[in-house]
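Student: If it helps, the file is called model-v6.cif and holds mmCIF, C-alpha atoms; chains and numbers go by the auth columns:
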```
data_model
loop_
_atom_site.group_PDB
_atom_site.id
_atom_site.type_symbol
_atom_site.label_atom_id
_atom_site.label_comp_id
_atom_site.label_asym_id
_atom_site.label_seq_id
_atom_site.Cartn_x
_atom_site.Cartn_y
_atom_site.Cartn_z
_atom_site.B_iso_or_equiv
_atom_site.auth_seq_id
_atom_site.auth_asym_id
ATOM 1 C CA ALA A 1 2.386 -7.489 5.447 0.00 178 A
ATOM 2 C CA LEU A 2 4.906 -7.848 2.652 0.00 179 A
ATOM 3 C CA LEU A 3 8.628 -7.736 3.407 0.00 180 A
ATOM 4 C CA THR A 4 11.465 -7.247 0.943 0.00 181 A
ATOM 5 C CA ALA A 5 14.912 -5.725 0.528 0.00 182 A
ATOM 6 C CA PRO A 6 15.001 -1.912 0.061 0.00 183 A
ATOM 7 C CA ALA A 7 16.866 -2.118 -3.266 0.00 184 A
ATOM 8 C CA ASP A 8 14.614 -4.781 -4.832 0.00 185 A
ATOM 9 C CA ASP A 9 12.730 -2.645 -7.363 0.00 186 A
ATOM 10 C CA ILE A 10 10.792 -5.580 -8.821 0.00 187 A
ATOM 11 C CA CYS A 11 9.410 -6.647 -5.456 0.00 188 A
ATOM 12 C CA VAL A 12 8.609 -3.048 -4.501 0.00 189 A
ATOM 13 C CA ALA A 13 6.694 -2.666 -7.778 0.00 190 A
ATOM 14 C CA LEU A 14 4.901 -5.971 -7.208 0.00 191 A
ATOM 15 C CA SER A 15 3.978 -4.775 -3.726 0.00 192 A
ATOM 16 C CA ALA A 16 2.644 -1.502 -5.128 0.00 193 A
ATOM 17 C CA SER A 17 0.411 -3.526 -7.452 0.00 194 A
ATOM 18 C CA LEU A 18 -0.883 -5.651 -4.561 0.00 195 A
ATOM 19 C CA ILE A 19 -1.537 -2.572 -2.407 0.00 196 A
ATOM 20 C CA ASP A 20 -3.509 -1.058 -5.278 0.00 197 A
ATOM 21 C CA PHE A 21 -5.583 -4.258 -5.365 0.00 198 A
ATOM 22 C CA ASP A 22 -5.927 -4.493 -1.565 0.00 199 A
ATOM 23 C CA PRO A 23 -5.221 -1.259 0.378 0.00 200 A
ATOM 24 C CA THR A 24 -5.020 -3.174 3.682 0.00 201 A
ATOM 25 C CA VAL A 25 -1.680 -4.651 2.582 0.00 202 A
ATOM 26 C CA ARG A 26 1.457 -3.054 4.062 0.00 203 A
ATOM 27 C CA LEU A 27 4.996 -3.104 2.686 0.00 204 A
ATOM 28 C CA CYS A 28 7.949 -3.311 5.081 0.00 205 A
ATOM 29 C CA TYR A 29 11.622 -3.211 4.261 0.00 206 A
ATOM 30 C CA TRP A 30 14.107 -5.687 5.610 0.00 207 A
ATOM 31 C CA LYS A 31 17.104 -4.009 7.197 0.00 208 A
ATOM 32 C CA ASP A 32 19.307 -2.298 4.626 0.00 209 A
ATOM 33 C CA LYS A 33 22.329 -4.588 4.322 0.00 210 A
ATOM 34 C CA PRO A 34 23.949 -6.889 1.723 0.00 211 A
ATOM 35 C CA ARG A 35 21.576 -9.598 0.494 0.00 212 A
ATOM 36 C CA ALA A 36 24.011 -12.351 1.496 0.00 213 A
ATOM 37 C CA GLU A 37 23.627 -11.300 5.132 0.00 214 A
ATOM 38 C CA TYR A 38 19.864 -11.841 5.282 0.00 215 A
ATOM 39 C CA PRO A 39 19.103 -15.088 7.183 0.00 216 A
ATOM 40 C CA LEU A 40 15.930 -15.551 5.126 0.00 217 A
ATOM 41 C CA LEU A 41 14.764 -18.019 2.486 0.00 218 A
ATOM 42 C CA PRO A 42 13.593 -15.279 0.052 0.00 219 A
ATOM 43 C CA SER A 43 17.156 -13.935 -0.075 0.00 220 A
ATOM 44 C CA ILE A 44 18.419 -17.004 -1.996 0.00 221 A
ATOM 45 C CA ALA A 45 16.924 -15.993 -5.361 0.00 222 A
ATOM 46 C CA PRO A 46 17.718 -12.657 -7.106 0.00 223 A
ATOM 47 C CA HIS A 47 14.358 -11.296 -5.925 0.00 224 A
ATOM 48 C CA GLY A 48 12.554 -12.271 -2.736 0.00 225 A
ATOM 49 C CA LEU A 49 9.320 -11.267 -1.063 0.00 226 A
ATOM 50 C CA THR A 50 7.950 -12.494 2.254 0.00 227 A
ATOM 51 C CA PHE A 51 4.183 -12.807 2.794 0.00 228 A
ATOM 52 C CA GLU A 52 3.576 -12.349 6.525 0.00 229 A
ATOM 53 C CA VAL A 53 0.020 -13.533 7.192 0.00 230 A
ATOM 54 C CA GLY A 54 -1.697 -12.429 10.366 0.00 231 A
ATOM 55 C CA PRO A 55 -2.239 -11.662 13.050 0.00 232 A
ATOM 56 C CA ALA A 56 -3.687 -15.092 13.694 0.00 233 A
ATOM 57 C CA SER A 57 -3.821 -17.381 16.698 0.00 234 A
ATOM 58 C CA TRP A 58 -1.021 -19.934 16.778 0.00 235 A
ATOM 59 C CA GLY A 59 -1.935 -23.266 15.193 0.00 236 A
ATOM 60 C CA CYS A 60 -5.211 -21.946 13.750 0.00 237 A
ATOM 61 C CA ILE A 61 -6.370 -21.188 10.225 0.00 238 A
ATOM 62 C CA GLU A 62 -8.212 -17.886 9.888 0.00 239 A
ATOM 63 C CA PRO A 63 -10.528 -18.351 6.877 0.00 240 A
ATOM 64 C CA ALA A 64 -10.633 -14.658 5.933 0.00 241 A
ATOM 65 C CA LEU A 65 -6.835 -14.417 6.020 0.00 242 A
ATOM 66 C CA TYR A 66 -6.542 -17.613 3.992 0.00 243 A
ATOM 67 C CA ALA A 67 -8.878 -16.235 1.304 0.00 244 A
ATOM 68 C CA GLN A 68 -7.045 -12.897 1.248 0.00 245 A
ATOM 69 C CA SER A 69 -3.654 -14.625 0.969 0.00 246 A
ATOM 70 C CA LEU A 70 -4.854 -16.823 -1.893 0.00 247 A
ATOM 71 C CA LYS A 71 -6.114 -13.799 -3.848 0.00 248 A
ATOM 72 C CA LEU A 72 -2.888 -11.878 -3.242 0.00 249 A
ATOM 73 C CA LEU A 73 -0.735 -14.805 -4.379 0.00 250 A
ATOM 74 C CA GLY A 74 -2.782 -14.995 -7.580 0.00 251 A
ATOM 75 C CA LYS A 75 -2.376 -11.256 -8.146 0.00 252 A
ATOM 76 C CA ALA A 76 1.358 -11.562 -7.477 0.00 253 A
ATOM 77 C CA LEU A 77 1.661 -14.146 -10.262 0.00 254 A
ATOM 78 C CA ASP A 78 -0.406 -11.891 -12.537 0.00 255 A
ATOM 79 C CA TYR A 79 2.042 -9.065 -11.845 0.00 256 A
ATOM 80 C CA VAL A 80 5.072 -11.227 -12.662 0.00 257 A
ATOM 81 C CA HIS A 81 3.393 -11.978 -16.025 0.00 258 A
ATOM 82 C CA ALA A 82 2.724 -8.251 -16.574 0.00 259 A
ATOM 83 C CA HIS A 83 6.345 -7.460 -15.700 0.00 260 A
ATOM 84 C CA ASN A 84 7.616 -9.967 -18.257 0.00 261 A
ATOM 85 C CA GLN A 85 5.293 -8.520 -20.914 0.00 262 A
ATOM 86 C CA ALA A 86 6.450 -4.970 -20.164 0.00 263 A
ATOM 87 C CA VAL A 87 10.103 -6.007 -20.376 0.00 264 A
ATOM 88 C CA ALA A 88 9.362 -7.607 -23.763 0.00 265 A
ATOM 89 C CA GLY A 89 7.661 -4.428 -24.998 0.00 266 A
ATOM 90 C CA ALA A 90 4.128 -5.802 -25.123 0.00 267 A
ATOM 91 C CA GLY A 91 3.031 -4.124 -21.907 0.00 268 A
ATOM 92 C CA ALA A 92 3.882 -0.724 -20.464 0.00 269 A
ATOM 93 C CA TRP A 93 5.257 1.034 -17.390 0.00 270 A
ATOM 94 C CA VAL A 94 3.622 3.629 -15.168 0.00 271 A
ATOM 95 C CA GLN A 95 5.099 5.687 -12.355 0.00 272 A
ATOM 96 C CA ALA A 96 3.593 5.229 -8.908 0.00 273 A
ATOM 97 C CA THR A 97 4.345 5.842 -5.255 0.00 274 A
ATOM 98 C CA VAL A 98 3.934 3.282 -2.502 0.00 275 A
ATOM 99 C CA PRO A 99 3.970 3.750 1.288 0.00 276 A
ATOM 100 C CA VAL A 100 6.848 1.850 2.857 0.00 277 A
ATOM 101 C CA TYR A 101 7.440 1.049 6.522 0.00 278 A
ATOM 102 C CA LYS A 102 11.104 1.031 7.491 0.00 279 A
ATOM 103 C CA GLY A 103 11.895 -0.830 10.694 0.00 280 A
ATOM 104 C CA ILE A 104 13.977 1.176 13.162 0.00 281 A
ATOM 105 C CA GLY A 105 14.036 -1.236 16.080 0.00 282 A
ATOM 106 C CA VAL A 106 12.005 -3.320 18.500 0.00 283 A
ATOM 107 C CA ARG A 107 10.464 -2.854 21.927 0.00 284 A
ATOM 108 C CA LYS A 108 11.184 -5.514 24.516 0.00 285 A
ATOM 109 C CA TYR A 109 8.783 -6.412 27.300 0.00 286 A
ATOM 110 C CA PRO A 110 9.321 -4.728 30.677 0.00 287 A
ATOM 111 C CA ARG A 111 10.670 -7.303 33.135 0.00 288 A
ATOM 112 C CA TYR A 112 11.312 -7.669 36.831 0.00 289 A
ATOM 113 C CA LEU A 113 14.851 -8.159 38.087 0.00 290 A
ATOM 114 C CA ASP A 114 14.289 -11.934 38.138 0.00 291 A
ATOM 115 C CA GLY A 115 13.426 -11.866 34.417 0.00 292 A
ATOM 116 C CA ASP A 116 9.652 -12.402 34.681 0.00 293 A
ATOM 117 C CA LEU A 117 7.355 -10.210 32.593 0.00 294 A
ATOM 118 C CA ALA A 118 6.400 -7.014 34.404 0.00 295 A
ATOM 119 C CA ALA A 119 3.894 -5.797 31.817 0.00 296 A
ATOM 120 C CA MET A 120 1.920 -6.800 28.745 0.00 297 A
ATOM 121 C CA VAL A 121 0.977 -5.004 25.533 0.00 298 A
ATOM 122 C CA HIS A 122 -1.551 -2.258 26.277 0.00 299 A
ATOM 123 C CA PRO A 123 -5.173 -2.890 25.159 0.00 300 A
ATOM 124 C CA ASP A 124 -5.097 0.296 23.045 0.00 301 A
ATOM 125 C CA LEU A 125 -2.160 -1.100 21.063 0.00 302 A
ATOM 126 C CA GLN A 126 -3.241 -4.741 20.839 0.00 303 A
ATOM 127 C CA GLY A 127 -4.445 -5.624 17.332 0.00 304 A
ATOM 128 C CA ASN A 128 -3.552 -2.214 15.904 0.00 305 A
ATOM 129 C CA ASP A 129 -0.591 -3.062 13.709 0.00 306 A
ATOM 130 C CA PHE A 130 0.586 -0.094 11.605 0.00 307 A
ATOM 131 C CA CYS A 131 -1.448 2.437 13.584 0.00 308 A
ATOM 132 C CA ALA A 132 0.103 5.880 14.148 0.00 309 A
ATOM 133 C CA LEU A 133 1.999 5.983 17.434 0.00 310 A
ATOM 134 C CA HIS A 134 3.403 9.067 19.171 0.00 311 A
ATOM 135 C CA VAL A 135 5.513 9.683 22.239 0.00 312 A
ATOM 136 C CA GLY A 136 3.310 9.273 25.307 0.00 313 A
ATOM 137 C CA ASP A 137 0.798 6.926 23.655 0.00 314 A
ATOM 138 C CA PRO A 138 0.090 3.726 25.676 0.00 315 A
ATOM 139 C CA ILE A 139 2.228 0.726 24.719 0.00 316 A
ATOM 140 C CA PHE A 140 2.364 -1.440 27.870 0.00 317 A
ATOM 141 C CA GLN A 141 0.102 -2.207 30.805 0.00 318 A
ATOM 142 C CA THR A 142 1.509 -3.516 34.091 0.00 319 A
ATOM 143 C CA HIS A 143 -0.085 -6.321 36.116 0.00 320 A
ATOM 144 C CA ASP A 144 -1.613 -3.711 38.437 0.00 321 A
ATOM 145 C CA LEU A 145 -3.117 -1.946 35.377 0.00 322 A
ATOM 146 C CA LYS A 146 -0.752 1.010 35.209 0.00 323 A
ATOM 147 C CA THR A 147 -0.021 2.408 31.753 0.00 324 A
ATOM 148 C CA ILE A 148 3.447 2.786 30.262 0.00 325 A
ATOM 149 C CA GLY A 149 3.650 5.259 27.400 0.00 326 A
ATOM 150 C CA LEU A 150 6.069 5.334 24.479 0.00 327 A
ATOM 151 C CA GLY A 151 9.217 7.074 25.671 0.00 328 A
ATOM 152 C CA GLY A 152 7.881 7.342 29.212 0.00 329 A
ATOM 153 C CA GLU A 153 8.876 5.870 32.540 0.00 330 A
ATOM 154 C CA GLY A 154 9.022 2.093 32.304 0.00 331 A
ATOM 155 C CA ASP A 155 9.440 2.019 28.523 0.00 332 A
ATOM 156 C CA THR A 156 12.145 -0.464 27.546 0.00 333 A
ATOM 157 C CA GLY A 157 13.447 1.761 24.749 0.00 334 A
ATOM 158 C CA VAL A 158 14.598 5.335 24.387 0.00 335 A
ATOM 159 C CA VAL A 159 13.161 8.007 22.081 0.00 336 A
ATOM 160 C CA ALA A 160 15.814 10.554 21.108 0.00 337 A
ATOM 161 C CA ASP A 161 14.968 14.237 21.531 0.00 338 A
ATOM 162 C CA GLU A 162 14.999 14.800 17.758 0.00 339 A
ATOM 163 C CA ASP A 163 12.444 11.970 17.312 0.00 340 A
ATOM 164 C CA LYS A 164 9.910 13.070 19.938 0.00 341 A
ATOM 165 C CA LYS A 165 7.637 14.613 17.308 0.00 342 A
ATOM 166 C CA THR A 166 8.028 11.667 14.919 0.00 343 A
ATOM 167 C CA THR A 167 5.067 9.480 14.032 0.00 344 A
ATOM 168 C CA PHE A 168 5.966 5.826 14.546 0.00 345 A
ATOM 169 C CA TYR A 169 4.168 2.706 13.346 0.00 346 A
ATOM 170 C CA PRO A 170 4.190 -0.515 15.402 0.00 347 A
ATOM 171 C CA PHE A 171 3.817 -3.899 13.741 0.00 348 A
ATOM 172 C CA PHE A 172 4.019 -7.601 14.636 0.00 349 A
ATOM 173 C CA ILE A 173 2.447 -6.613 17.946 0.00 350 A
ATOM 174 C CA ASN A 174 2.350 -9.221 20.723 0.00 351 A
ATOM 175 C CA GLU A 175 3.137 -12.122 18.392 0.00 352 A
ATOM 176 C CA ALA A 176 3.438 -15.460 20.189 0.00 353 A
ATOM 177 C CA ALA A 177 6.472 -16.469 18.115 0.00 354 A
ATOM 178 C CA TYR A 178 8.427 -13.434 19.321 0.00 355 A
ATOM 179 C CA TYR A 179 8.020 -13.989 23.061 0.00 356 A
ATOM 180 C CA GLU A 180 11.031 -16.288 23.145 0.00 357 A
ATOM 181 C CA VAL A 181 13.218 -13.535 21.638 0.00 358 A
ATOM 182 C CA ASP A 182 11.691 -10.877 23.930 0.00 359 A
ATOM 183 C CA VAL A 183 10.067 -8.750 21.211 0.00 360 A
ATOM 184 C CA ALA A 184 6.794 -7.046 22.132 0.00 361 A
ATOM 185 C CA PHE A 185 6.544 -5.280 18.774 0.00 362 A
ATOM 186 C CA ASN A 186 8.569 -3.796 15.946 0.00 363 A
ATOM 187 C CA LEU A 187 8.700 -0.059 15.411 0.00 364 A
ATOM 188 C CA ALA A 188 8.849 1.638 12.009 0.00 365 A
ATOM 189 C CA VAL A 189 8.673 4.997 10.297 0.00 366 A
ATOM 190 C CA ARG A 190 6.703 5.528 7.102 0.00 367 A
ATOM 191 C CA GLU A 191 8.040 6.895 3.831 0.00 368 A
ATOM 192 C CA GLU A 192 6.769 7.229 0.270 0.00 369 A
ATOM 193 C CA GLN A 193 8.744 5.304 -2.345 0.00 370 A
ATOM 194 C CA ALA A 194 8.627 6.111 -6.066 0.00 371 A
ATOM 195 C CA VAL A 195 8.486 3.014 -8.251 0.00 372 A
ATOM 196 C CA LYS A 196 7.932 2.016 -11.889 0.00 373 A
ATOM 197 C CA VAL A 197 5.052 -0.474 -12.113 0.00 374 A
ATOM 198 C CA ALA A 198 4.378 -2.812 -15.031 0.00 375 A
ATOM 199 C CA VAL A 199 1.061 -2.841 -16.886 0.00 376 A
ATOM 200 C CA SER A 200 0.008 -6.002 -18.712 0.00 377 A
ATOM 201 C CA ALA A 201 -0.467 -6.076 -22.476 0.00 378 A
ATOM 202 C CA ASP A 202 -4.259 -6.432 -22.103 0.00 379 A
ATOM 203 C CA GLU A 203 -4.480 -3.477 -19.700 0.00 380 A
ATOM 204 C CA HIS A 204 -2.199 -1.409 -21.934 0.00 381 A
ATOM 205 C CA SER A 205 -4.324 -2.147 -25.029 0.00 382 A
ATOM 206 C CA ALA A 206 -7.552 -1.375 -23.148 0.00 383 A
ATOM 207 C CA SER A 207 -6.081 1.943 -21.943 0.00 384 A
ATOM 208 C CA LYS A 208 -5.105 2.930 -25.490 0.00 385 A
ATOM 209 C CA ARG A 209 -8.565 2.051 -26.819 0.00 386 A
ATOM 210 C CA GLN A 210 -10.183 4.121 -24.060 0.00 387 A
ATOM 211 C CA LYS A 211 -7.988 7.142 -24.864 0.00 388 A
ATOM 212 C CA SER A 212 -8.778 6.919 -28.592 0.00 389 A
ATOM 213 C CA ALA A 213 -12.540 6.543 -28.052 0.00 390 A
#
```
If you took the structure in this file and wrote it as structure tokens, what would it be?

Tutor:
Amino acid sequence: ALLTAPADDICVALSASLIDFDPTVRLCYWKDKPRAEYPLLPSIAPHGLTFEVGPASWGCIEPALYAQSLKLLGKALDYVHAHNQAVAGAGAWVQATVPVYKGIGVRKYPRYLDGDLAAMVHPDLQGNDFCALHVGDPIFQTHDLKTIGLGGEGDTGVVADEDKKTTFYPFFINEAAYYEVDVAFNLAVREEQAVKVAVSADEHSASKRQKSA
């Protein structure tokens, strides 16, 4: 997944380019607030983009994810070059739309009164980051194998009446790093974002030659 600030048009355009190259990539927005308030390294420069690689087991290198990340980083640098060419007038701009996942909150793990975990992520949800999720769909499984559905009895969050027909998208599901902050998964809604994407000088020239042929 890629994460950036909602108002960062350059990073949104870069993300659109990467999604066009690899449709498995997802773009998520950081919370909409002043850049100075983000406690993140990518917020130091004028434009910042986080590459979240995974899911992967803690302390392990997943070779397929490594190869994918390397290709995406190369394509990201290619896009920065295309952006600079377009700004200079050598390249071009095209309009595009990109699916964006906007975080709306997190789901904590169900717990007993003594604080111990009372349930785990449901098998139907495990490993299905960014799948469509509706009220009533399984999200947790108790130790005695009972199912807890989204918005149902035992759910640690509340779904407002006006959101009960909304399609949600969970991500960062059952991540080991988030156990200590009691996050079972993040919850998002999906929107389409219009964006102006740069085209490199070579691609622009090739497109013009194709049109004139």

Student: What's around Ala259 in chain A at 8 Å? Count all atoms listed in the file, leave out sequence neighbours fewer than 6 positions away in its own chain, and write the answer as a list of chain:residue names.

Tutor: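 After dropping sequence-adjacent residues, the list is A:Gly268, A:Ala375, A:Val376, A:Ser377, A:Ala378.
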
Student: I want to know what sits within 9 Å of range 206-220 of chain A, based on all atoms listed in the file, with residues of the same chain fewer than 6 positions away left out; could you give that as number ranges by chain?

Tutor: A: 179-184, 226-227, 277-281

Student: Of the candidates A:Glu368, A:Asp332, A:Asp306, A:Asp379, which shows the shortest atom-to-atom distance to Val275 in chain A, using only C-alpha atoms?

Tutor: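 Among the listed residues, the smallest separation from Val275 in chain A belongs to A:Glu368.
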
Student: Can you give me, as a PyMOL selection string, the residues this file yields under the PyMOL selection byres ((chain A and resi 348) around 6)?

Tutor: chain A and resi 306-307+347+349-350+362-363

Student: As a check of understanding, name the residues that the PyMOL selection byres ((chain A and resi 315-324) around 8) selects in the supplied structure, as a list of chain:residue names.

Tutor: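 With the PyMOL selection byres ((chain A and resi 315-324) around 8) on this model, the match is A:Ala295, A:Ala296, A:Met297, A:Val298, A:His299, A:Pro300, A:Asp301, A:Leu302, A:Gly313, A:Asp314, A:Ile325, A:Gly326, A:Leu327, A:Asp332.
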
Student: Quick one: which residues end up in the PyMOL selection byres ((chain A and resi 249) around 10) for this structure, as number ranges by chain?

Tutor: A: 192, 194-196, 198-199, 202, 228, 243-248, 250-255

Student: Dump C-alpha atoms for the selected residues as an mmCIF file, in the coordinates of the input?

Tutor:
```
data_model
loop_
_atom_site.group_PDB
_atom_site.id
_atom_site.type_symbol
_atom_site.label_atom_id
_atom_site.label_comp_id
_atom_site.auth_asym_id
_atom_site.auth_seq_id
_atom_site.Cartn_x
_atom_site.Cartn_y
_atom_site.Cartn_z
ATOM 1 C CA SER A 192 3.978 -4.775 -3.726
ATOM 2 C CA SER A 194 0.411 -3.526 -7.452
ATOM 3 C CA LEU A 195 -0.883 -5.651 -4.561
ATOM 4 C CA ILE A 196 -1.537 -2.572 -2.407
ATOM 5 C CA PHE A 198 -5.583 -4.258 -5.365
ATOM 6 C CA ASP A 199 -5.927 -4.493 -1.565
ATOM 7 C CA VAL A 202 -1.680 -4.651 2.582
ATOM 8 C CA PHE A 228 4.183 -12.807 2.794
ATOM 9 C CA TYR A 243 -6.542 -17.613 3.992
ATOM 10 C CA ALA A 244 -8.878 -16.235 1.304
ATOM 11 C CA GLN A 245 -7.045 -12.897 1.248
ATOM 12 C CA SER A 246 -3.654 -14.625 0.969
ATOM 13 C CA LEU A 247 -4.854 -16.823 -1.893
ATOM 14 C CA LYS A 248 -6.114 -13.799 -3.848
ATOM 15 C CA LEU A 250 -0.735 -14.805 -4.379
ATOM 16 C CA GLY A 251 -2.782 -14.995 -7.580
ATOM 17 C CA LYS A 252 -2.376 -11.256 -8.146
ATOM 18 C CA ALA A 253 1.358 -11.562 -7.477
ATOM 19 C CA LEU A 254 1.661 -14.146 -10.262
ATOM 20 C CA ASP A 255 -0.406 -11.891 -12.537
#
```

Student: Rank nothing, just name the residue among A:Ala365, A:Ala178, A:Tyr355, A:Gln370 nearest to Gly231 in chain A, using all atoms listed in the file.

Tutor: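 For Gly231 in chain A, the nearest of the candidates is A:Ala178.
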
Student: Work out how far CA of Leu290 in chain A is from CA of Ala337 in chain A, in Å to one decimal.

Tutor: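 So the two atoms, CA of Ala337 in chain A and CA of Leu290 in chain A, lie 25.3 Å apart.
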
Student: Check the smallest atom-to-atom distance from each of A:Glu369, A:Leu310, A:Ala354, A:Asp186 to Lys342 in chain A using all atoms listed in the file, then report the winner.

Tutor: A:Leu310

Student: Between CA of Asp338 in chain A and CA of Lys285 in chain A, what is the distance, to one decimal in Å?

Tutor: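 So the two atoms, CA of Asp338 in chain A and CA of Lys285 in chain A, lie 20.3 Å apart.
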
Student: Which of these, A:Ile238, A:Ala309, A:Val271, A:Val283, has the shortest distance to Val372 in chain A once you count only C-alpha atoms?

Tutor: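 Closest to Val372 in chain A of all the choices is A:Val271.
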
Student: For each of A:Leu294, A:Tyr286, A:Ala269, A:Arg367, take the minimum atom-to-atom distance to Tyr346 in chain A, counting only C-alpha atoms, then give the residue where this is smallest.

Tutor: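 Of all the options, A:Arg367 lies closest to Tyr346 in chain A.
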
Student: Could you work out how far CA of Asp291 in chain A lies from CA of Asp359 in chain A, giving the answer in Å with one decimal?

Tutor: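 Interatomic distance here is 14.5 Å.
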
Student: Pick the closest to Tyr356 in chain A from A:Ala222, A:Ala233, A:Ala193, A:Asp293: which is it, counting all atoms listed in the file?

Tutor: A:Asp293

Student: Please, what is the axis-aligned box for every listed atom of range 188-192 of chain A with 5 Å on each side, as centre and edge lengths in Å to one decimal, as JSON?

Tutor:
```
{"center_x": 6.7, "center_y": -4.7, "center_z": -5.8, "size_x": 15.4, "size_y": 14.0, "size_z": 14.1}
```
